[in-house]
$ cat input.pdb   # PDB, C-alpha atoms and all ligand atoms
ATOM      1  CA  MET A   1     -62.097 243.282  47.926
ATOM      2  CA  SER A   2     -64.632 241.776  45.497
ATOM      3  CA  SER A   3     -67.863 240.478  46.965
ATOM      4  CA  LYS A   4     -68.970 236.863  47.018
ATOM      5  CA  ARG A   5     -71.565 236.335  44.295
ATOM      6  CA  ILE A   6     -74.797 234.745  45.506
ATOM      7  CA  ALA A   7     -77.470 233.309  43.210
ATOM      8  CA  ILE A   8     -80.938 232.135  44.099
ATOM      9  CA  ALA A   9     -82.562 229.079  42.532
ATOM     10  CA  GLY A  10     -86.337 229.249  43.094
ATOM     11  CA  LEU A  11     -88.026 232.599  43.595
ATOM     12  CA  GLY A  12     -90.757 231.467  45.978
ATOM     13  CA  GLU A  13     -91.343 232.143  49.651
ATOM     14  CA  ILE A  14     -87.713 231.691  50.726
ATOM     15  CA  GLY A  15     -86.104 232.971  47.526
ATOM     16  CA  ARG A  16     -87.979 236.279  47.498
ATOM     17  CA  THR A  17     -87.060 237.114  51.108
ATOM     18  CA  VAL A  18     -83.395 236.239  50.540
ATOM     19  CA  ALA A  19     -83.285 238.189  47.237
ATOM     20  CA  ARG A  20     -84.798 241.245  48.888
ATOM     21  CA  LYS A  21     -82.238 241.143  51.703
ATOM     22  CA  LEU A  22     -79.285 240.658  49.347
ATOM     23  CA  ALA A  23     -80.498 243.552  47.198
ATOM     24  CA  GLN A  24     -80.722 245.753  50.311
ATOM     25  CA  GLY A  25     -77.124 244.777  51.073
ATOM     26  CA  LEU A  26     -75.320 242.132  53.113
ATOM     27  CA  PRO A  27     -71.639 242.834  53.830
ATOM     28  CA  GLY A  28     -69.305 241.205  51.312
ATOM     29  CA  LEU A  29     -72.138 239.560  49.362
ATOM     30  CA  SER A  30     -73.896 240.494  46.129
ATOM     31  CA  LEU A  31     -77.052 239.244  44.436
ATOM     32  CA  ALA A  32     -75.610 237.889  41.179
ATOM     33  CA  ALA A  33     -78.403 235.919  39.475
ATOM     34  CA  ILE A  34     -81.800 234.308  39.919
ATOM     35  CA  ALA A  35     -83.066 231.113  38.296
ATOM     36  CA  THR A  36     -86.795 230.558  38.336
ATOM     37  CA  ARG A  37     -89.466 228.790  36.320
ATOM     38  CA  ASP A  38     -91.864 231.598  35.452
ATOM     39  CA  ARG A  39     -89.663 234.415  34.137
ATOM     40  CA  GLU A  40     -92.576 236.771  33.481
ATOM     41  CA  LYS A  41     -93.724 236.491  37.092
ATOM     42  CA  ALA A  42     -90.147 236.937  38.328
ATOM     43  CA  THR A  43     -89.582 240.011  36.154
ATOM     44  CA  ALA A  44     -92.793 241.608  37.424
ATOM     45  CA  TRP A  45     -91.759 240.929  41.044
ATOM     46  CA  LEU A  46     -88.230 242.284  40.517
ATOM     47  CA  ASP A  47     -89.671 245.440  38.901
ATOM     48  CA  ARG A  48     -92.089 245.960  41.786
ATOM     49  CA  GLU A  49     -89.239 245.554  44.285
ATOM     50  CA  GLY A  50     -86.885 247.781  42.274
ATOM     51  CA  ILE A  51     -84.304 244.974  42.128
ATOM     52  CA  SER A  52     -82.053 244.632  39.113
ATOM     53  CA  CYS A  53     -80.705 241.097  38.689
ATOM     54  CA  PRO A  54     -80.165 238.783  35.696
ATOM     55  CA  LEU A  55     -82.576 235.870  35.287
ATOM     56  CA  VAL A  56     -80.655 232.816  34.140
ATOM     57  CA  SER A  57     -81.226 229.114  33.546
ATOM     58  CA  LEU A  58     -80.146 226.504  36.093
ATOM     59  CA  ASP A  59     -77.158 225.373  34.045
ATOM     60  CA  GLU A  60     -75.919 228.964  33.715
ATOM     61  CA  LEU A  61     -75.649 229.403  37.508
ATOM     62  CA  PRO A  62     -71.959 228.386  37.856
ATOM     63  CA  GLY A  63     -70.968 231.129  35.401
ATOM     64  CA  HIS A  64     -72.664 233.757  37.550
ATOM     65  CA  ALA A  65     -72.235 232.719  41.177
ATOM     66  CA  ASP A  66     -69.866 231.424  43.833
ATOM     67  CA  LEU A  67     -72.756 230.151  45.961
ATOM     68  CA  VAL A  68     -76.315 229.226  44.982
ATOM     69  CA  VAL A  69     -79.139 229.158  47.488
ATOM     70  CA  GLU A  70     -81.319 226.189  46.466
ATOM     71  CA  CYS A  71     -84.884 227.063  47.488
ATOM     72  CA  ALA A  72     -86.818 225.333  44.730
ATOM     73  CA  PRO A  73     -88.964 222.191  44.468
ATOM     74  CA  ALA A  74     -87.066 219.099  45.604
ATOM     75  CA  VAL A  75     -87.304 217.437  42.174
ATOM     76  CA  ILE A  76     -84.761 219.833  40.660
ATOM     77  CA  LEU A  77     -82.148 219.491  43.423
ATOM     78  CA  ASP A  78     -79.824 217.587  41.102
ATOM     79  CA  GLN A  79     -80.113 220.153  38.283
ATOM     80  CA  ILE A  80     -79.071 222.888  40.697
ATOM     81  CA  CYS A  81     -76.360 221.082  42.649
ATOM     82  CA  ARG A  82     -74.528 219.086  39.995
ATOM     83  CA  PRO A  83     -73.193 221.937  37.797
ATOM     84  CA  MET A  84     -72.233 224.063  40.815
ATOM     85  CA  LEU A  85     -70.466 221.260  42.686
ATOM     86  CA  ALA A  86     -68.690 220.012  39.557
ATOM     87  CA  ALA A  87     -67.346 223.567  39.212
ATOM     88  CA  GLY A  88     -66.041 223.434  42.799
ATOM     89  CA  LYS A  89     -68.648 225.912  44.081
ATOM     90  CA  GLN A  90     -71.065 226.049  47.016
ATOM     91  CA  VAL A  91     -74.773 225.228  47.217
ATOM     92  CA  MET A  92     -76.905 226.057  50.234
ATOM     93  CA  VAL A  93     -79.572 223.354  50.193
ATOM     94  CA  LEU A  94     -83.046 223.921  51.652
ATOM     95  CA  SER A  95     -84.648 220.835  50.123
ATOM     96  CA  ALA A  96     -82.903 218.675  52.709
ATOM     97  CA  SER A  97     -85.335 215.755  52.265
ATOM     98  CA  ALA A  98     -84.193 215.388  48.666
ATOM     99  CA  LEU A  99     -80.555 215.467  49.738
ATOM    100  CA  LEU A 100     -80.839 212.460  52.082
ATOM    101  CA  PRO A 101     -80.703 209.754  49.384
ATOM    102  CA  ARG A 102     -78.077 211.694  47.392
ATOM    103  CA  ALA A 103     -74.727 210.837  48.957
ATOM    104  CA  ASP A 104     -73.381 211.042  45.389
ATOM    105  CA  LEU A 105     -73.768 214.839  45.525
ATOM    106  CA  VAL A 106     -71.578 214.943  48.635
ATOM    107  CA  ASP A 107     -69.046 212.766  46.787
ATOM    108  CA  LEU A 108     -69.175 215.185  43.851
ATOM    109  CA  ALA A 109     -68.507 218.124  46.178
ATOM    110  CA  ARG A 110     -65.596 216.253  47.755
ATOM    111  CA  ALA A 111     -64.104 215.364  44.368
ATOM    112  CA  HIS A 112     -64.172 218.941  43.037
ATOM    113  CA  GLY A 113     -63.625 221.029  46.162
ATOM    114  CA  GLY A 114     -67.247 222.171  46.234
ATOM    115  CA  GLN A 115     -69.438 222.382  49.328
ATOM    116  CA  ILE A 116     -73.036 221.662  50.296
ATOM    117  CA  ILE A 117     -74.296 223.786  53.185
ATOM    118  CA  VAL A 118     -77.518 222.778  54.955
ATOM    119  CA  PRO A 119     -78.663 225.684  57.127
ATOM    120  CA  THR A 120     -80.638 225.151  60.332
ATOM    121  CA  GLY A 121     -83.644 226.378  58.330
ATOM    122  CA  ALA A 122     -86.945 226.069  60.135
ATOM    123  CA  LEU A 123     -85.410 224.192  63.055
ATOM    124  CA  ILE A 124     -83.245 224.951  66.055
ATOM    125  CA  GLY A 125     -80.100 223.883  67.850
ATOM    126  CA  PHE A 126     -77.875 222.295  65.203
ATOM    127  CA  ASP A 127     -74.961 223.818  67.130
ATOM    128  CA  ALA A 128     -75.708 221.613  70.154
ATOM    129  CA  VAL A 129     -76.586 218.559  68.054
ATOM    130  CA  SER A 130     -73.378 218.712  66.016
ATOM    131  CA  ALA A 131     -71.314 219.331  69.160
ATOM    132  CA  ALA A 132     -72.929 216.291  70.831
ATOM    133  CA  ALA A 133     -72.233 214.267  67.679
ATOM    134  CA  GLU A 134     -68.505 214.786  68.280
ATOM    135  CA  GLY A 135     -69.122 212.517  71.281
ATOM    136  CA  ALA A 136     -71.743 209.761  71.351
ATOM    137  CA  ILE A 137     -75.421 210.517  70.773
ATOM    138  CA  HIS A 138     -77.724 207.737  71.977
ATOM    139  CA  SER A 139     -80.959 209.009  70.445
ATOM    140  CA  VAL A 140     -82.590 211.924  68.608
ATOM    141  CA  GLN A 141     -86.383 211.975  68.691
ATOM    142  CA  MET A 142     -88.562 214.603  67.109
ATOM    143  CA  VAL A 143     -92.290 215.332  67.271
ATOM    144  CA  THR A 144     -93.823 217.659  64.668
ATOM    145  CA  ARG A 145     -97.309 219.136  64.982
ATOM    146  CA  LYS A 146     -98.681 221.157  62.112
ATOM    147  CA  PRO A 147    -102.025 222.666  61.188
ATOM    148  CA  PRO A 148    -103.575 220.177  58.728
ATOM    149  CA  ARG A 149    -103.070 222.547  55.767
ATOM    150  CA  GLY A 150     -99.307 222.370  56.407
ATOM    151  CA  LEU A 151     -99.417 218.638  55.609
ATOM    152  CA  ALA A 152    -102.229 218.369  53.050
ATOM    153  CA  GLY A 153    -101.230 216.769  49.759
ATOM    154  CA  ALA A 154     -98.122 214.993  51.103
ATOM    155  CA  PRO A 155     -97.439 211.798  49.094
ATOM    156  CA  TYR A 156     -97.748 209.552  52.184
ATOM    157  CA  LEU A 157    -101.225 210.895  52.996
ATOM    158  CA  VAL A 158    -102.399 210.559  49.393
ATOM    159  CA  GLU A 159    -100.979 207.045  48.930
ATOM    160  CA  ASN A 160    -102.463 205.799  52.206
ATOM    161  CA  GLY A 161    -105.819 207.535  51.817
ATOM    162  CA  ILE A 162    -105.316 209.586  55.003
ATOM    163  CA  SER A 163    -107.453 212.720  54.992
ATOM    164  CA  VAL A 164    -106.502 215.671  57.205
ATOM    165  CA  GLU A 165    -109.494 217.740  56.123
ATOM    166  CA  GLY A 166    -112.141 218.542  58.711
ATOM    167  CA  LEU A 167    -110.197 217.064  61.643
ATOM    168  CA  THR A 168    -111.636 217.955  65.028
ATOM    169  CA  SER A 169    -108.768 216.530  67.088
ATOM    170  CA  ALA A 170    -105.064 215.848  66.594
ATOM    171  CA  LEU A 171    -104.207 212.852  64.405
ATOM    172  CA  CYS A 172    -100.819 211.116  64.379
ATOM    173  CA  VAL A 173    -100.259 210.557  60.652
ATOM    174  CA  PHE A 174     -96.751 209.118  60.708
ATOM    175  CA  ARG A 175     -94.129 207.460  62.922
ATOM    176  CA  GLY A 176     -90.780 206.383  61.546
ATOM    177  CA  SER A 177     -87.201 207.274  60.762
ATOM    178  CA  ALA A 178     -86.027 210.541  59.230
ATOM    179  CA  ARG A 179     -85.212 208.653  56.043
ATOM    180  CA  GLU A 180     -88.760 207.295  55.785
ATOM    181  CA  ALA A 181     -90.264 210.700  56.662
ATOM    182  CA  ALA A 182     -88.227 212.471  53.987
ATOM    183  CA  ALA A 183     -89.658 210.165  51.319
ATOM    184  CA  ALA A 184     -93.191 210.280  52.754
ATOM    185  CA  PHE A 185     -93.394 214.059  53.357
ATOM    186  CA  PRO A 186     -90.738 215.560  51.029
ATOM    187  CA  ALA A 187     -91.990 219.160  51.250
ATOM    188  CA  ASN A 188     -93.172 219.140  54.878
ATOM    189  CA  VAL A 189     -90.379 217.888  57.128
ATOM    190  CA  ASN A 190     -87.093 218.948  55.557
ATOM    191  CA  VAL A 191     -86.282 219.860  59.132
ATOM    192  CA  VAL A 192     -85.921 216.246  60.277
ATOM    193  CA  ALA A 193     -83.718 215.427  57.290
ATOM    194  CA  ALA A 194     -81.421 218.316  58.185
ATOM    195  CA  LEU A 195     -81.475 217.352  61.877
ATOM    196  CA  SER A 196     -80.444 213.810  61.003
ATOM    197  CA  LEU A 197     -77.486 215.086  58.973
ATOM    198  CA  ALA A 198     -76.369 217.228  61.927
ATOM    199  CA  GLY A 199     -76.636 214.308  64.345
ATOM    200  CA  ILE A 200     -76.845 210.522  64.057
ATOM    201  CA  GLY A 201     -78.066 210.083  60.506
ATOM    202  CA  PRO A 202     -81.417 209.376  58.861
ATOM    203  CA  ASP A 203     -81.930 205.819  60.080
ATOM    204  CA  ARG A 204     -81.452 206.433  63.816
ATOM    205  CA  THR A 205     -83.263 209.805  63.979
ATOM    206  CA  THR A 206     -86.981 209.291  64.571
ATOM    207  CA  ILE A 207     -90.058 211.450  64.025
ATOM    208  CA  GLU A 208     -93.763 211.495  64.827
ATOM    209  CA  ILE A 209     -95.918 213.772  62.672
ATOM    210  CA  TRP A 210     -99.265 215.079  63.901
ATOM    211  CA  ALA A 211    -101.939 216.977  61.987
ATOM    212  CA  ASP A 212    -103.481 219.151  64.673
ATOM    213  CA  PRO A 213    -106.421 221.468  63.951
ATOM    214  CA  ALA A 214    -105.750 223.325  67.216
ATOM    215  CA  MET A 215    -102.355 224.500  65.911
ATOM    216  CA  THR A 216    -101.772 227.766  64.097
ATOM    217  CA  ARG A 217     -98.000 227.253  63.928
ATOM    218  CA  ASN A 218     -95.631 224.542  62.677
ATOM    219  CA  CYS A 219     -94.306 223.142  65.959
ATOM    220  CA  HIS A 220     -91.263 220.925  66.380
ATOM    221  CA  GLN A 221     -89.975 219.323  69.588
ATOM    222  CA  ILE A 222     -86.631 217.536  69.734
ATOM    223  CA  ARG A 223     -85.187 215.348  72.471
ATOM    224  CA  VAL A 224     -81.496 214.433  72.335
ATOM    225  CA  GLU A 225     -79.764 211.939  74.650
ATOM    226  CA  ALA A 226     -75.980 211.975  74.430
ATOM    227  CA  ASP A 227     -72.989 211.119  76.584
ATOM    228  CA  SER A 228     -72.153 214.831  76.861
ATOM    229  CA  ALA A 229     -75.645 216.202  77.517
ATOM    230  CA  SER A 230     -79.355 215.589  77.344
ATOM    231  CA  PHE A 231     -81.423 218.389  75.888
ATOM    232  CA  THR A 232     -84.861 219.230  74.607
ATOM    233  CA  MET A 233     -85.599 221.971  72.128
ATOM    234  CA  SER A 234     -88.827 223.277  70.708
ATOM    235  CA  ILE A 235     -89.799 225.851  68.135
ATOM    236  CA  GLU A 236     -93.186 227.215  67.062
ATOM    237  CA  ASN A 237     -92.868 228.503  63.521
ATOM    238  CA  VAL A 238     -95.196 231.126  62.136
ATOM    239  CA  PRO A 239     -96.175 229.828  58.683
ATOM    240  CA  SER A 240     -95.349 232.069  55.732
ATOM    241  CA  GLU A 241     -97.646 232.528  52.735
ATOM    242  CA  ASN A 242     -96.604 228.956  51.906
ATOM    243  CA  PRO A 243     -98.268 227.100  54.835
ATOM    244  CA  ARG A 244     -95.626 224.360  54.720
ATOM    245  CA  THR A 245     -92.760 226.828  55.197
ATOM    246  CA  GLY A 246     -92.060 228.692  58.426
ATOM    247  CA  ARG A 247     -91.132 232.377  58.164
ATOM    248  CA  ILE A 248     -87.904 231.762  60.056
ATOM    249  CA  THR A 249     -86.508 229.584  57.248
ATOM    250  CA  ALA A 250     -85.482 232.466  54.984
ATOM    251  CA  LEU A 251     -84.049 234.317  57.976
ATOM    252  CA  SER A 252     -81.905 231.269  58.765
ATOM    253  CA  VAL A 253     -80.564 231.411  55.197
ATOM    254  CA  ILE A 254     -79.741 235.096  55.564
ATOM    255  CA  ALA A 255     -77.940 234.433  58.871
ATOM    256  CA  ALA A 256     -75.987 231.571  57.282
ATOM    257  CA  LEU A 257     -75.052 233.756  54.282
ATOM    258  CA  ARG A 258     -73.908 236.530  56.597
ATOM    259  CA  LYS A 259     -71.537 234.047  58.286
ATOM    260  CA  GLN A 260     -69.867 233.386  54.927
ATOM    261  CA  THR A 261     -67.971 236.667  55.085
ATOM    262  CA  SER A 262     -68.311 237.826  58.679
ATOM    263  CA  PRO A 263     -65.117 238.611  60.615
ATOM    264  CA  LEU A 264     -66.894 237.409  63.780
ATOM    265  CA  GLN A 265     -68.655 234.047  63.785
ATOM    266  CA  VAL A 266     -70.771 233.017  66.754
ATOM    267  CA  GLY A 267     -72.000 229.460  67.219
ATOM    268  CA  THR A 268     -70.647 226.261  65.703
TER     269      THR A 268
HETATM  270  N1  LIG B   1     -84.746 223.095  55.326
HETATM  271  C1  LIG B   1     -85.810 223.712  55.832
HETATM  272  O1  LIG B   1     -85.839 224.006  57.038
HETATM  273  C2  LIG B   1     -86.954 224.053  54.968
HETATM  274  C3  LIG B   1     -86.954 223.719  53.635
HETATM  275  N2  LIG B   1     -87.994 224.050  52.795
HETATM  276  C4  LIG B   1     -87.886 223.648  51.398
HETATM  277  O2  LIG B   1     -87.306 224.728  50.655
HETATM  278  C5  LIG B   1     -87.754 224.695  49.297
HETATM  279  C6  LIG B   1     -88.339 226.060  48.917
HETATM  280  O3  LIG B   1     -89.404 226.381  49.788
HETATM  281  P1  LIG B   1     -90.387 227.615  49.494
HETATM  282  O4  LIG B   1     -89.606 228.820  49.123
HETATM  283  O5  LIG B   1     -91.345 227.681  50.605
HETATM  284  O6  LIG B   1     -91.139 227.066  48.195
HETATM  285  P2  LIG B   1     -92.110 227.835  47.165
HETATM  286  O7  LIG B   1     -93.013 226.813  46.609
HETATM  287  O8  LIG B   1     -92.676 229.048  47.774
HETATM  288  O9  LIG B   1     -91.089 228.309  46.039
HETATM  289  C7  LIG B   1     -90.423 227.460  45.162
HETATM  290  C8  LIG B   1     -90.142 228.214  43.887
HETATM  291  O10 LIG B   1     -89.378 227.386  43.010
HETATM  292  C9  LIG B   1     -89.677 227.782  41.700
HETATM  293  N3  LIG B   1     -89.460 226.730  40.701
HETATM  294  C10 LIG B   1     -90.272 225.729  40.321
HETATM  295  N4  LIG B   1     -89.710 225.005  39.327
HETATM  296  C11 LIG B   1     -88.520 225.596  39.075
HETATM  297  C12 LIG B   1     -87.484 225.378  38.127
HETATM  298  N5  LIG B   1     -87.566 224.364  37.254
HETATM  299  N6  LIG B   1     -86.405 226.190  38.135
HETATM  300  C13 LIG B   1     -86.302 227.205  39.009
HETATM  301  N7  LIG B   1     -87.268 227.487  39.921
HETATM  302  C14 LIG B   1     -88.357 226.693  39.942
HETATM  303  C15 LIG B   1     -91.120 228.196  41.698
HETATM  304  O11 LIG B   1     -91.138 229.261  40.783
HETATM  305  P3  LIG B   1     -92.407 229.754  39.963
HETATM  306  O12 LIG B   1     -93.081 230.653  40.937
HETATM  307  O13 LIG B   1     -91.773 230.489  38.828
HETATM  308  O14 LIG B   1     -93.180 228.547  39.579
HETATM  309  C16 LIG B   1     -91.410 228.609  43.135
HETATM  310  O15 LIG B   1     -91.612 229.994  43.255
HETATM  311  C17 LIG B   1     -88.783 223.554  49.230
HETATM  312  O16 LIG B   1     -88.173 222.367  48.771
HETATM  313  C18 LIG B   1     -89.211 223.384  50.680
HETATM  314  O17 LIG B   1     -89.710 222.086  50.949
HETATM  315  C19 LIG B   1     -89.046 224.774  53.276
HETATM  316  C20 LIG B   1     -89.098 225.128  54.593
HETATM  317  C21 LIG B   1     -88.105 224.760  55.556
HETATM  318  O1  LIG B   2     -89.276 221.338  57.290
HETATM  319  C1  LIG B   2     -90.024 221.955  56.501
HETATM  320  O2  LIG B   2     -90.099 221.687  55.285
HETATM  321  C2  LIG B   2     -90.834 223.114  56.974
HETATM  322  C3  LIG B   2     -91.209 223.091  58.379
HETATM  323  O3  LIG B   2     -91.395 222.083  59.017
HETATM  324  C4  LIG B   2     -91.391 224.379  59.013
HETATM  325  O4  LIG B   2     -91.275 225.414  58.346
HETATM  326  O5  LIG B   2     -91.622 224.413  60.237
END
$ encode --input "input.pdb" --output "structure tokens"
Amino acid sequence: MSSKRIAIAGLGEIGRTVARKLAQGLPGLSLAAIATRDREKATAWLDREGISCPLVSLDELPGHADLVVECAPAVILDQICRPMLAAGKQVMVLSASALLPRADLVDLARAHGGQIIVPTGALIGFDAVSAAAEGAIHSVQMVTRKPPRGLAGAPYLVENGISVEGLTSALCVFRGSAREAAAAFPANVNVVAALSLAGIGPDRTTIEIWADPAMTRNCHQIRVEADSASFTMSIENVPSENPRTGRITALSVIAALRKQTSPLQVGT
């Protein structure tokens, strides 16, 4: 049986880990192509890793792959998704914040038989949240605490003149809905955007964001109240070389890719 062809768009923290794993071998999957910005840097990395894989442009991806893992800056979400979805193919989207205002991409997938997959990523418990959403969820509340360098440079902080440098105690920098948080912190809390899509949507899901100098990890706590269950979940993510991105994110992608062809699937 031929393998499912996987491409990677964005060879950064997540993309490199996923590429390495695909090159080592995942059952029924092959590393088919990589699209990145700096080809020279990508070629040098691929050579060092001993990985042979074509480097292609974003619009060439549908010709090479059945599924593209989008792990690139949020601003190019459309350039990655549109050609793949119009060709009836799959995109695994990590830039979940950028997906929130783009219901048109879901419509495009529906119209052409394509699919957008949002993995659990740096979060936890989408199985329970989506199960509860089959009944009635009353509320989903999240609290995120990150070391200040995991939030530095976010548009909301810059626009509102909020400095997280030199903090000596925890500072609550934001309270609002998932939709507002996705626009305010597009590269820092993709997790709440994804959570909202699994549960009760971006306007009813709420988040508090704290910059906490006592933290060494990106910590997320979630409280769900539903007619089927009440539950709390928390995760303490070890930051990767990109301080905004937890190490577990790429592993979540690998687990989700593995499910694509696995004869045994566990969890919703
Ligand atoms: N859903 C979730 O749970 C999580 C989502 N994320 C999101 O996932 C995405 C990727 O994160 P991460 O891997 O840490 O990010 P990185 O910044 O480490 O990597 C992004 C890569 O995208 C590449 N890139 C930039 N412009 C283009 C382009 N025009 N075409 C192709 N590639 C391009 C860059 O390549 P180059 O090096 O050549 O410039 C860079 O290496 C981000 O949007 C991030 O916010 C992150 C963590 C958790
Ligand atoms: O959601 C994100 O973009 C990243 C994040 O919080 C984490 O890795 O813990």
$ residues_near_ligand --input "input.pdb" --ligand "ligand LIG 1 (chain B)" --cutoff "7 Å" --atoms "all atoms listed in the file" --output "PyMOL selection string"
chain A and resi 9-15+35-39+41-42+58+71-74+76+94-96+119-123+186-188+190-191+194+242+244-246+249
$ atom_distance --input "input.pdb" --atom1 "CA of Gly50 in chain A" --atom2 "CA of Val238 in chain A"
27.2 Å
$ closest_residue --input "input.pdb" --among "A:Glu180, A:Glu165, A:Asp127, A:Asp212" --to "Met233 in chain A" --atoms "all atoms listed in the file"
A:Asp127
$ atom_distance --input "input.pdb" --atom1 "CA of Leu251 in chain A" --atom2 "CA of Lys21 in chain A"
9.4 Å
$ closest_residue --input "input.pdb" --among "A:Ala211, A:Ala198, A:Ala229, A:Ala87" --to "Thr144 in chain A" --atoms "all atoms listed in the file"
A:Ala211
$ axis_aligned_box --input "input.pdb" --around "ligand LIG 2 (chain B)" --padding-each-side "3 Å" --output "AutoDock Vina command-line options"
--center_x -90.4 --center_y 223.4 --center_z 57.8 --size_x 8.3 --size_y 10.1 --size_z 11.0
$ atom_distance --input "input.pdb" --atom1 "CA of Gln90 in chain A" --atom2 "CA of Gly114 in chain A"
5.5 Å
$ resolve_selection --input "input.pdb" --expression "the PyMOL selection byres (((chain A and resi 219) around 9) and not hetatm)" --output "VMD selection string"
chain A and resid 143 to 146 215 to 218 220 to 221 234 to 238
$ closest_residue --input "input.pdb" --among "A:Ala214, A:Leu67, A:Leu195, A:Met142" --to "Thr168 in chain A" --atoms "all atoms listed in the file"
A:Ala214
$ residues_around --input "input.pdb" --residues "Thr268 in chain A" --least-positions-apart "5" --cutoff "12 Å" --atoms "all atoms listed in the file" --output "PyMOL selection string"
chain A and resi 119-120+125-132+134+198+256+259
$ resolve_selection --input "input.pdb" --expression "the PyMOL selection byres (((chain A and resi 138-140) around 6) and not hetatm)" --output "PyMOL selection string"
chain A and resi 137+141+205+223-226
$ closest_residue --input "input.pdb" --among "A:Asp107, A:Glu70, A:Glu40, A:Asp227" --to "Ile8 in chain A" --atoms "all atoms listed in the file"
A:Glu70
$ closest_residue --input "input.pdb" --among "A:Ala86, A:Ala33, A:Leu171, A:Ala98" --to "Val192 in chain A" --atoms "only C-alpha atoms"
A:Ala98
$ closest_residue --input "input.pdb" --among "A:Arg175, A:Ala23, A:Val158, A:Val91" --to "Val118 in chain A" --atoms "only C-alpha atoms"
A:Val91
$ residues_around --input "input.pdb" --residues "Gly88 in chain A" --least-positions-apart "5" --cutoff "9 Å" --atoms "all atoms listed in the file" --output "list in words"
Asp66, Pro83, Leu108, Ala109, Arg110, Ala111, His112, Gly113, Gly114 and Gln115 of chain A
$ resolve_selection --input "input.pdb" --expression "the PyMOL selection byres (((chain A and resi 65) around 9) and not hetatm)" --output "number ranges by chain"
A: 4-7, 31-33, 61-64, 66-68, 84, 89-90
